[in-house]
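Colleague: I'd like to ask some things about the structure below.
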Amino acid sequence: MDFLNAFILISNFIIVPAITYGSQLALGAIGVTLIYGVLRFANFAYGDLMAFGTMIVILFTWYLQSKGITLGFLPTAILAIPIGIIFTVAISLFFDKTVFEYYREKKSNPVTFIVVSLGIMFVLNAVVRIIIGPNDINFMDGHKFVIKASEFKKLTGLDEGLAIKSTQVITLITTIISCSLLFYFLNKTKTGKSMRAYSNNEDLALLSGINPKKIIIITWVIVSILATIAGTLYGLDKSFKPFTYFNNLLPIFAATIVGGIGNPLGAFYGGFLIAFSEIALTYAYKKFLGYLLPESLEPNTLIQFISTDYKFAISFAILVIVLIFRPNGIFKGKVI
Amino acid sequence: MKDIDIKISFAVMGMMIILVGVFQSWGVALSILNLCLISAVMSMGVNIQWGFAGLINFGVMGFLAIGGLATVLISVPPVIEAWSAGGLGIFFSGVFIILTVLIVFVINKKFYNFKYKNYLVFIIIILSIPLLKIFSGPSISKIESINAATSGFLGGMNLPIIFSWFFGGALSAGVAYIIGKICLGLRSDYLAISTLLISGIIVSIVKHEEWLSRGVKNVIGLKRPAPYEVDLQNSDWFNNLIEFLNTSKLSKILNNIERQDLLSQLVISSSGVFVKLCFALIFLFVVCFLLYFSEKALRSPWGRMMRAIRDNEDAAKAMGKNVVKQHLFIFMLGSAIIGFAGAMLVTYDGLFTPSSYQPLRYTFLIWVMVLLGGTGNNYGAILGAFVVWFIWIQSAPFALFIINLFTSQLADTNAIKLHLINSIPYFRYFMMGLGLLLVMRYRPKGLLPEKILKN
């Protein structure tokens, strides 16, 4: 019996990676859910919007690096995020003006919106690949680790090491800050309240003198900020590849629906739920049980629920289960 | 003159393909034609679901993968050693899955008033996954270890590959039944997302269950319904045919050896074209057959009922139509056609590569075909498939032309110009997106809109 080592093992392989991945998913899912709540459609171009924002951040990071400007132990990309946000907001508003506004005024059905968001997805996909290419790009600089596994072992004298990457800490801190700001904005400020009112009941909100154009612009701005931050954090943590960003749209959608579509807090929890189940179900518990169980009971198989090949499929399966049992999501959806 | 726009648009499309044949080569033209025809089958499948019944199915990729899997299961010779090593284990695992499904089914039927029914079903499903692993694990690893480099899977039934098209359709319909039972009650946007994600599950199963499909190791050298090039080159009748077709060209050359050389070159180049022509004829037959029956269906009382359900579900319900049942049926029908097309595609390629199934190419592109061509109109779906596939292939030369036009002032070594020329393959996505946006804005019903039938 060795609880401490078992705990460190689990932290190293499940808790820390899942919190990081969950934060990235949560930021993405909140963006999708805000679009759904206010503009009332599922935006399939969101993954590529994230890729676009990250691409601008990378280009500006390269520019800064070529000028010799760095942030010391922090990645330079943090300096470039505001520029990325400006460009992403600009392109979101551009697409809203040229594409979505027309259908909004015509009061088209949700499927039409989905279809035009597919069109934008294709266009953004092409733009990103034409500008920066389809390959893997690693733009992380600064210190890689806050604490290395070997250092941790030396420090504590335990058998198991705990490695914490600096990107993981940055991701967590950024997520906490941006989510608290967002929820403060939605719940306490007048604009945020009018946004929620608009999402809840459009006609009533219009009667109360809320300007829908302003609400929609603010939504796109918030969504673009979230998309750029989430994309950059993911790119720093793993690496930037346009195709993975498109694929990440799927677990983000799963997180959104699991949390109740249109419900930002639900999307936040949904992201973590998806991340934790993806990582916890594909982890092999042999060593973990080896620490906890007496030697005679030690397992001789891997004790892995589902093989790592199905990592993505788990989030989809959770979605299907939720759809069967609670079609509105775990937290009631459709109100922001 | 009725349907003049249909005739004109198809004539233009045919001309475009013939122009490719004249200016590029007949091999290229025929391979474009073949993929256009296969895409036409896919888009007709989607059109039946979306155009006839208004069901949004973003799971096209999954059904195509099932169709592809069917070709492997039907046409590849069985691996006897693998069957004897692990066949029994796989059989019992199959029985176990069926038992689990039956138990869940019985619980749903018999205990539908039971308060914790959903939790019970949930627990049973969760428990069955590790149990299934214990059952099947050893036999799977046995199967995968037999000749891992060349086989390592169970193989198929060694039947002619044409059967796999129908089997792929049937298998897709079966899977569509399960998906439909789960998802069809959902609202349109939920349905879109959930079918997209479920197709992701299907593809990851096909990709990772190596005992079944060889997974990422691919299955190559599948059978063909058409002759092989090598056999053609060695057969007398084909040599004579080519000699006959090129009599004028050959008679100009007096030297016997040179003549023989030219003839053998012609035979080699035209054998490829001949094989593609055979495929084209088969595919054309399938497309015509499907077109005939979907047109019939569209004009039948059943087609009218489907349109009524699509346009006003509540009214159709009030008239006593069983909307849920009809939705499920049409979802299965459309998915079966998509599965059929998936098997055709793999047959034409001659190899099964599960990792190539990506939503962008196999779900959204097909949707662009349907939306561009005209929802609810079979001719529109076929035209959309032709136009989109043609642009998809021919956008590279077009993009090169545009780039050269705009950068003609720059030197050939200019970094921007080189970068743009390197990224030519991605301009096709741009054109697709732009095309879709323009059509949705200015011709929302597609190039060939649905005709209001008055009879």
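Simple scheme: letters A, B, ... for chains in structure tokens order, numbers from 1 for residues in each chain, numbers from 1 for ligands in the order shown.
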Skipping near chain neighbours, those fewer than 6 positions away, what residues fall within 12 Å of Phe10 of chain B using only C-alpha atoms, listed as a list in words?
Modeller: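 Within the cut-off, the hits are Asp3, Ile4, Met16, Ile17, Gly373, Tyr379, Gly380, Ala381, Ile382, Leu383, Gly384, Ala385, Phe386, Val387, Leu447 and Leu448 of chain B.
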Colleague: Can I get the selection written as a PDB file, in the first residue's frame, with C-alpha atoms?
Modeller:
ATOM      1  CA  ASP B   3     -36.400  20.061 -68.662  1.00  0.00           C
ATOM      2  CA  ILE B   4     -34.331  22.130 -71.051  1.00  0.00           C
ATOM      3  CA  MET B  16     -16.141  19.668 -70.278  1.00  0.00           C
ATOM      4  CA  ILE B  17     -15.121  16.054 -69.709  1.00  0.00           C
ATOM      5  CA  GLY B 373     -26.670  20.879 -57.464  1.00  0.00           C
ATOM      6  CA  TYR B 379     -30.742  15.518 -61.610  1.00  0.00           C
ATOM      7  CA  GLY B 380     -29.496  18.374 -59.479  1.00  0.00           C
ATOM      8  CA  ALA B 381     -27.689  16.003 -57.125  1.00  0.00           C
ATOM      9  CA  ILE B 382     -25.976  14.299 -60.069  1.00  0.00           C
ATOM     10  CA  LEU B 383     -25.072  17.604 -61.675  1.00  0.00           C
ATOM     11  CA  GLY B 384     -23.718  18.839 -58.338  1.00  0.00           C
ATOM     12  CA  ALA B 385     -21.539  15.747 -58.053  1.00  0.00           C
ATOM     13  CA  PHE B 386     -20.163  16.327 -61.558  1.00  0.00           C
ATOM     14  CA  VAL B 387     -19.545  20.041 -61.118  1.00  0.00           C
ATOM     15  CA  LEU B 447     -28.271  25.055 -59.745  1.00  0.00           C
ATOM     16  CA  LEU B 448     -31.209  22.848 -60.681  1.00  0.00           C
TER      17      LEU B 448
END
Colleague: Any idea which chain B residues end up within 8 Å of chain A if we count only C-alpha atoms, as an NGL selection string please?
Modeller: :B and (118 or 129-130 or 182-183 or 186 or 188-189 or 193-194 or 197-198 or 200-201 or 204-205 or 208 or 364 or 420 or 423-424 or 426-437 or 440)
Colleague: Show me, as a PyMOL selection string, the residues that have an atom within 10 Å of Tyr291 of chain A when counting only C-alpha atoms, minus same-chain residues fewer than 4 positions from it.
Modeller: chain A and resi 1-7+9+286-287+295+298
Colleague: Give me every helix (DSSP H, G or I) residue in segment 173-316 of chain A, going by DSSP on the backbone, as a ChimeraX atom specification.
Modeller: /A:173-188,190-200,202-207,212-237,242-258,264-281,286-292,295-297,308-316
Colleague: Between A:Ser224, A:Thr244, A:Asn328, A:Ser166, which is the closest to Gly260 of chain A once you count only C-alpha atoms?
Modeller: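 For Gly260 of chain A, the nearest of the candidates is A:Asn328.
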Colleague: For atom CA of Phe240 of chain A and atom CA of Phe95 of chain A, determine how far apart the two atoms are, in Å to one decimal place.
Modeller: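 One can read the atom CA of Phe240 of chain A to atom CA of Phe95 of chain A distance as 23.7 Å.
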Colleague: Mind the document's chain letters and residue numbers, and return as an MDAnalysis selection string the residues of segment 115-314 of chain A that DSSP labels strand (DSSP E).
Modeller: chainID A and resid 145:147 164:165
Colleague: With distances taken over only C-alpha atoms, which residue among A:Thr191, A:Asn135, A:Thr232, A:Thr76 lies nearest Leu64 of chain A?
Modeller: A:Thr76
Colleague: Quick check, in Å to one decimal: how far apart do atom CA of Leu372 of chain B and atom CA of Arg304 of chain B lie?
Modeller: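 For atom CA of Leu372 of chain B relative to atom CA of Arg304 of chain B, the distance reads 23.4 Å.
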